[in-house]
file run.cif (mmCIF, C-alpha atoms and all ligand atoms)
data_coords
#
loop_
_atom_site.group_PDB
_atom_site.id
_atom_site.type_symbol
_atom_site.label_atom_id
_atom_site.label_comp_id
_atom_site.auth_asym_id
_atom_site.auth_seq_id
_atom_site.Cartn_x
_atom_site.Cartn_y
_atom_site.Cartn_z
ATOM 1 C CA MET A 1 -48.496 -2.212 -9.569
ATOM 2 C CA ILE A 2 -45.271 -2.669 -7.638
ATOM 3 C CA LYS A 3 -41.572 -3.082 -8.308
ATOM 4 C CA ALA A 4 -40.732 -6.753 -7.938
ATOM 5 C CA LYS A 5 -38.591 -7.384 -4.855
ATOM 6 C CA PHE A 6 -37.752 -10.885 -6.047
ATOM 7 C CA ALA A 7 -37.371 -12.432 -9.456
ATOM 8 C CA GLY A 8 -40.223 -14.764 -10.242
ATOM 9 C CA ASN A 9 -42.633 -16.029 -12.790
ATOM 10 C CA CYS A 10 -46.359 -16.199 -13.190
ATOM 11 C CA LYS A 11 -47.892 -19.531 -12.217
ATOM 12 C CA ILE A 12 -50.664 -19.018 -14.767
ATOM 13 C CA CYS A 13 -49.007 -17.758 -17.949
ATOM 14 C CA GLY A 14 -45.368 -18.369 -17.076
ATOM 15 C CA SER A 15 -44.173 -14.844 -17.845
ATOM 16 C CA MET A 16 -40.993 -13.958 -15.969
ATOM 17 C CA TRP A 17 -39.942 -10.853 -14.095
ATOM 18 C CA ALA A 18 -36.669 -9.706 -12.550
ATOM 19 C CA VAL A 19 -36.011 -7.661 -9.421
ATOM 20 C CA GLY A 20 -37.161 -4.084 -10.031
ATOM 21 C CA ASP A 21 -39.543 -4.934 -12.865
ATOM 22 C CA ASP A 22 -43.041 -3.486 -12.676
ATOM 23 C CA ILE A 23 -45.497 -6.225 -11.870
ATOM 24 C CA CYS A 24 -49.156 -6.255 -10.931
ATOM 25 C CA TYR A 25 -49.777 -7.549 -7.447
ATOM 26 C CA GLN A 26 -52.939 -7.781 -5.398
ATOM 27 C CA LYS A 27 -53.394 -9.363 -1.979
ATOM 28 C CA SER A 28 -57.020 -10.443 -2.136
ATOM 29 C CA PRO A 29 -58.126 -12.009 -4.278
ATOM 30 C CA LYS A 30 -54.521 -12.962 -4.769
ATOM 31 C CA ALA A 31 -53.221 -12.111 -8.211
ATOM 32 C CA ILE A 32 -49.736 -11.520 -9.474
ATOM 33 C CA CYS A 33 -48.294 -11.165 -12.955
ATOM 34 C CA GLY A 34 -46.251 -8.802 -15.069
ATOM 35 C CA GLU A 35 -48.877 -8.970 -17.807
ATOM 36 C CA LYS A 36 -51.929 -6.795 -17.298
ATOM 37 C CA GLU A 37 -54.275 -9.162 -19.143
ATOM 38 C CA CYS A 38 -53.171 -12.203 -17.171
ATOM 39 C CA PHE A 39 -53.396 -10.269 -13.910
ATOM 40 C CA THR A 40 -56.985 -9.203 -14.545
ATOM 41 C CA GLN A 41 -57.882 -12.754 -15.571
ATOM 42 C CA GLN A 42 -56.613 -13.862 -12.181
ATOM 43 C CA GLY A 43 -59.176 -11.543 -10.608
ATOM 44 C CA GLY A 44 -56.812 -8.612 -10.191
ATOM 45 C CA THR A 45 -58.151 -5.089 -10.452
ATOM 46 C CA ILE A 46 -56.231 -2.386 -12.273
ATOM 47 C CA SER A 47 -56.877 1.040 -10.791
ATOM 48 C CA THR A 48 -57.082 4.170 -12.891
ATOM 49 C CA TYR A 49 -53.673 5.140 -11.599
ATOM 50 C CA GLN A 50 -52.195 1.829 -12.631
ATOM 51 C CA GLN A 51 -53.822 2.131 -16.040
ATOM 52 C CA ALA A 52 -52.126 5.505 -16.345
ATOM 53 C CA THR A 53 -48.807 3.792 -15.675
ATOM 54 C CA PHE A 54 -49.602 1.351 -18.459
ATOM 55 C CA ASN A 55 -50.660 4.181 -20.765
ATOM 56 C CA PRO A 56 -47.975 6.833 -20.434
ATOM 57 C CA ASN A 57 -50.087 9.302 -22.480
ATOM 58 C CA ASN A 58 -52.506 9.503 -19.651
ATOM 59 C CA LYS A 59 -50.306 10.492 -16.724
ATOM 60 C CA ASP A 60 -51.861 13.485 -14.949
ATOM 61 C CA ILE A 61 -54.262 11.463 -12.903
ATOM 62 C CA ILE A 62 -55.492 12.220 -9.411
ATOM 63 C CA ILE A 63 -55.858 9.195 -7.181
ATOM 64 C CA THR A 64 -58.984 9.225 -5.054
ATOM 65 C CA LYS A 65 -59.619 6.710 -2.315
ATOM 66 C CA VAL A 66 -63.351 6.844 -1.518
ATOM 67 C CA PRO A 67 -63.993 5.826 2.112
ATOM 68 C CA ASP A 68 -66.216 2.786 2.502
ATOM 69 C CA VAL A 69 -68.854 4.181 4.871
ATOM 70 C CA THR A 70 -72.633 4.148 5.077
ATOM 71 C CA VAL A 71 -74.184 7.454 4.060
ATOM 72 C CA SER A 72 -77.118 8.628 6.161
ATOM 73 C CA ASP A 73 -80.305 10.135 4.703
ATOM 74 C CA SER A 74 -79.512 13.564 6.122
ATOM 75 C CA VAL A 75 -76.175 13.618 4.303
ATOM 76 C CA LYS A 76 -77.893 12.424 1.114
ATOM 77 C CA GLN A 77 -80.261 15.370 1.489
ATOM 78 C CA VAL A 78 -77.290 17.732 1.753
ATOM 79 C CA ALA A 79 -75.821 16.112 -1.367
ATOM 80 C CA ASP A 80 -79.114 16.661 -3.198
ATOM 81 C CA ASP A 81 -79.024 20.338 -2.246
ATOM 82 C CA TRP A 82 -75.404 20.533 -3.351
ATOM 83 C CA MET A 83 -76.313 19.077 -6.756
ATOM 84 C CA GLN A 84 -78.820 21.866 -7.203
ATOM 85 C CA PHE A 85 -76.155 24.424 -6.338
ATOM 86 C CA PHE A 86 -73.855 22.727 -8.814
ATOM 87 C CA VAL A 87 -76.405 22.931 -11.638
ATOM 88 C CA VAL A 88 -77.152 26.580 -10.899
ATOM 89 C CA ALA A 89 -73.460 27.434 -10.585
ATOM 90 C CA HIS A 90 -72.718 25.625 -13.844
ATOM 91 C CA HIS A 91 -75.278 27.674 -15.763
ATOM 92 C CA MET A 92 -74.200 30.881 -14.032
ATOM 93 C CA THR A 93 -70.581 30.275 -15.053
ATOM 94 C CA LYS A 94 -71.651 29.664 -18.648
ATOM 95 C CA THR A 95 -73.707 32.836 -18.654
ATOM 96 C CA ILE A 96 -71.041 35.008 -17.076
ATOM 97 C CA TYR A 97 -68.062 33.549 -18.982
ATOM 98 C CA PRO A 98 -69.551 32.537 -22.346
ATOM 99 C CA GLU A 99 -66.113 32.235 -23.944
ATOM 100 C CA GLN A 100 -64.745 29.873 -21.292
ATOM 101 C CA ASP A 101 -64.594 26.230 -22.386
ATOM 102 C CA VAL A 102 -66.697 24.089 -20.055
ATOM 103 C CA ASN A 103 -64.134 21.284 -19.972
ATOM 104 C CA THR A 104 -61.306 23.264 -18.438
ATOM 105 C CA HIS A 105 -59.836 23.653 -14.997
ATOM 106 C CA VAL A 106 -60.602 27.372 -15.035
ATOM 107 C CA PHE A 107 -64.287 26.762 -15.686
ATOM 108 C CA GLY A 108 -64.391 24.206 -12.888
ATOM 109 C CA GLN A 109 -62.666 26.563 -10.481
ATOM 110 C CA ILE A 110 -65.055 29.428 -11.209
ATOM 111 C CA ARG A 111 -68.025 27.068 -10.890
ATOM 112 C CA SER A 112 -66.753 25.759 -7.590
ATOM 113 C CA ARG A 113 -66.273 29.323 -6.256
ATOM 114 C CA ILE A 114 -69.855 30.114 -7.225
ATOM 115 C CA ILE A 115 -71.091 26.990 -5.428
ATOM 116 C CA ASP A 116 -69.249 28.172 -2.294
ATOM 117 C CA GLN A 117 -70.785 31.620 -2.588
ATOM 118 C CA LEU A 118 -74.301 30.241 -3.116
ATOM 119 C CA CYS A 119 -73.911 28.081 -0.006
ATOM 120 C CA TYR A 120 -72.620 31.053 1.937
ATOM 121 C CA ILE A 121 -75.486 33.317 0.863
ATOM 122 C CA THR A 122 -78.019 30.583 1.666
ATOM 123 C CA ARG A 123 -76.569 30.305 5.168
ATOM 124 C CA LEU A 124 -76.743 34.065 5.683
ATOM 125 C CA GLN A 125 -80.404 33.985 4.688
ATOM 126 C CA LYS A 126 -81.162 31.179 7.133
ATOM 127 C CA ASP A 127 -79.527 32.911 10.125
HETATM 128 ZN ZN ZN B 201 -49.429 -14.330 -15.880
#
call {"tool": "encode", "arguments": {"input": "run.cif", "output": "structure tokens"}}
result
Amino acid sequence: MIKAKFAGNCKICGSMWAVGDDICYQKSPKAICGEKECFTQQGGTISTYQQATFNPNNKDIIITKVPDVTVSDSVKQVADDWMQFFVVAHHMTKTIYPEQDVNTHVFGQIRSRIIDQLCYITRLQKD
């Protein structure tokens, strides 16, 4: 979603926009329109962030750009190990802080600290 630099209109649905209006624009496949529905029909993709702009109730969104790289087996193995730490840390957090709602930032932060500590202890044991 961008601010229109020029006034224009959609070649598909004919909707018009003026300079400074929010319009959806995508380079490839090329798609441009001020209307979300028309834009997606043209093959445009609306990111979560852009959806948040369309739905003002939903603003506190973190934009993540995942790099497009090939993941090697050794890294996948590390990820598998990490998942196990995550599961253990999740249950530990629940046990230690039974009153803490699982779907909160605080819970996530405690869990993530425990994951760090489990990794650290595992490393100490290996050395
Ligand atoms: Zn259109």
call {"tool": "atom_distance", "arguments": {"input": "run.cif", "atom1": "atom CA of Cys13 of chain A", "atom2": "atom CA of Gln26 of chain A"}}
result
16.5 Å
call {"tool": "residues_near_point", "arguments": {"input": "run.cif", "point": "(-37.7, -7.2, -7.5)", "cutoff": "8 Å", "atoms": "only C-alpha atoms", "output": "PDB file with C-alpha atoms, keeping the file's coordinate frame"}}
result
ATOM      1  CA  LYS A   3     -41.572  -3.082  -8.308  1.00  0.00           C
ATOM      2  CA  ALA A   4     -40.732  -6.753  -7.938  1.00  0.00           C
ATOM      3  CA  LYS A   5     -38.591  -7.384  -4.855  1.00  0.00           C
ATOM      4  CA  PHE A   6     -37.752 -10.885  -6.047  1.00  0.00           C
ATOM      5  CA  ALA A   7     -37.371 -12.432  -9.456  1.00  0.00           C
ATOM      6  CA  TRP A  17     -39.942 -10.853 -14.095  1.00  0.00           C
ATOM      7  CA  ALA A  18     -36.669  -9.706 -12.550  1.00  0.00           C
ATOM      8  CA  VAL A  19     -36.011  -7.661  -9.421  1.00  0.00           C
ATOM      9  CA  GLY A  20     -37.161  -4.084 -10.031  1.00  0.00           C
ATOM     10  CA  ASP A  21     -39.543  -4.934 -12.865  1.00  0.00           C
TER      11      ASP A  21
END
call {"tool": "residues_near_ligand", "arguments": {"input": "run.cif", "ligand": "ligand ZN 201 (chain B)", "cutoff": "10 Å", "atoms": "only C-alpha atoms and all ligand atoms", "output": "VMD selection string"}}
result
chain A and resid 9 to 16 23 to 24 31 to 42
call {"tool": "write_last_selection", "arguments": {"input": "run.cif", "atoms": "C-alpha atoms", "output": "mmCIF file, keeping the file's coordinate frame"}}
result
data_model
loop_
_atom_site.group_PDB
_atom_site.id
_atom_site.type_symbol
_atom_site.label_atom_id
_atom_site.label_comp_id
_atom_site.auth_asym_id
_atom_site.auth_seq_id
_atom_site.Cartn_x
_atom_site.Cartn_y
_atom_site.Cartn_z
ATOM 1 C CA ASN A 9 -42.633 -16.029 -12.790
ATOM 2 C CA CYS A 10 -46.359 -16.199 -13.190
ATOM 3 C CA LYS A 11 -47.892 -19.531 -12.217
ATOM 4 C CA ILE A 12 -50.664 -19.018 -14.767
ATOM 5 C CA CYS A 13 -49.007 -17.758 -17.949
ATOM 6 C CA GLY A 14 -45.368 -18.369 -17.076
ATOM 7 C CA SER A 15 -44.173 -14.844 -17.845
ATOM 8 C CA MET A 16 -40.993 -13.958 -15.969
ATOM 9 C CA ILE A 23 -45.497 -6.225 -11.870
ATOM 10 C CA CYS A 24 -49.156 -6.255 -10.931
ATOM 11 C CA ALA A 31 -53.221 -12.111 -8.211
ATOM 12 C CA ILE A 32 -49.736 -11.520 -9.474
ATOM 13 C CA CYS A 33 -48.294 -11.165 -12.955
ATOM 14 C CA GLY A 34 -46.251 -8.802 -15.069
ATOM 15 C CA GLU A 35 -48.877 -8.970 -17.807
ATOM 16 C CA LYS A 36 -51.929 -6.795 -17.298
ATOM 17 C CA GLU A 37 -54.275 -9.162 -19.143
ATOM 18 C CA CYS A 38 -53.171 -12.203 -17.171
ATOM 19 C CA PHE A 39 -53.396 -10.269 -13.910
ATOM 20 C CA THR A 40 -56.985 -9.203 -14.545
ATOM 21 C CA GLN A 41 -57.882 -12.754 -15.571
ATOM 22 C CA GLN A 42 -56.613 -13.862 -12.181
#
call {"tool": "atom_distance", "arguments": {"input": "run.cif", "atom1": "atom CA of Val78 of chain A", "atom2": "atom CA of Ile63 of chain A"}}
result
24.7 Å
call {"tool": "atom_distance", "arguments": {"input": "run.cif", "atom1": "atom CA of His90 of chain A", "atom2": "atom CA of Ser72 of chain A"}}
result
26.6 Å
call {"tool": "resolve_selection", "arguments": {"input": "run.cif", "expression": "the PyMOL selection byres (((chain A and resi 119) around 12) and not hetatm)", "output": "PyMOL selection string"}}
result
chain A and resi 78+81-86+88-89+112-118+120-126
call {"tool": "write_last_selection", "arguments": {"input": "run.cif", "atoms": "C-alpha atoms", "output": "PDB file, in the frame of the given file"}}
result
ATOM      1  CA  VAL A  78     -77.290  17.732   1.753  1.00  0.00           C
ATOM      2  CA  ASP A  81     -79.024  20.338  -2.246  1.00  0.00           C
ATOM      3  CA  TRP A  82     -75.404  20.533  -3.351  1.00  0.00           C
ATOM      4  CA  MET A  83     -76.313  19.077  -6.756  1.00  0.00           C
ATOM      5  CA  GLN A  84     -78.820  21.866  -7.203  1.00  0.00           C
ATOM      6  CA  PHE A  85     -76.155  24.424  -6.338  1.00  0.00           C
ATOM      7  CA  PHE A  86     -73.855  22.727  -8.814  1.00  0.00           C
ATOM      8  CA  VAL A  88     -77.152  26.580 -10.899  1.00  0.00           C
ATOM      9  CA  ALA A  89     -73.460  27.434 -10.585  1.00  0.00           C
ATOM     10  CA  SER A 112     -66.753  25.759  -7.590  1.00  0.00           C
ATOM     11  CA  ARG A 113     -66.273  29.323  -6.256  1.00  0.00           C
ATOM     12  CA  ILE A 114     -69.855  30.114  -7.225  1.00  0.00           C
ATOM     13  CA  ILE A 115     -71.091  26.990  -5.428  1.00  0.00           C
ATOM     14  CA  ASP A 116     -69.249  28.172  -2.294  1.00  0.00           C
ATOM     15  CA  GLN A 117     -70.785  31.620  -2.588  1.00  0.00           C
ATOM     16  CA  LEU A 118     -74.301  30.241  -3.116  1.00  0.00           C
ATOM     17  CA  TYR A 120     -72.620  31.053   1.937  1.00  0.00           C
ATOM     18  CA  ILE A 121     -75.486  33.317   0.863  1.00  0.00           C
ATOM     19  CA  THR A 122     -78.019  30.583   1.666  1.00  0.00           C
ATOM     20  CA  ARG A 123     -76.569  30.305   5.168  1.00  0.00           C
ATOM     21  CA  LEU A 124     -76.743  34.065   5.683  1.00  0.00           C
ATOM     22  CA  GLN A 125     -80.404  33.985   4.688  1.00  0.00           C
ATOM     23  CA  LYS A 126     -81.162  31.179   7.133  1.00  0.00           C
TER      24      LYS A 126
END
call {"tool": "residues_around", "arguments": {"input": "run.cif", "residues": "Val106 of chain A", "least_positions_apart": "5", "cutoff": "12 Å", "atoms": "only C-alpha atoms", "output": "short mmCIF file (atom, residue, chain, number, x, y, z; two decimals) with C-alpha atoms, in the coordinates of the input"}}
result
data_model
loop_
_atom_site.label_atom_id
_atom_site.label_comp_id
_atom_site.auth_asym_id
_atom_site.auth_seq_id
_atom_site.Cartn_x
_atom_site.Cartn_y
_atom_site.Cartn_z
CA THR A 93 -70.58 30.28 -15.05
CA LYS A 94 -71.65 29.66 -18.65
CA TYR A 97 -68.06 33.55 -18.98
CA GLU A 99 -66.11 32.24 -23.94
CA GLN A 100 -64.74 29.87 -21.29
CA ASP A 101 -64.59 26.23 -22.39
CA ARG A 111 -68.03 27.07 -10.89
CA SER A 112 -66.75 25.76 -7.59
CA ARG A 113 -66.27 29.32 -6.26
#
call {"tool": "axis_aligned_box", "arguments": {"input": "run.cif", "around": "segment 29-45 of chain A", "padding_each_side": "8 Å", "output": "lines of an AutoDock Vina configuration file"}}
result
center_x = -52.7
center_y = -9.5
center_z = -11.7
size_x = 28.9
size_y = 24.8
size_z = 30.9
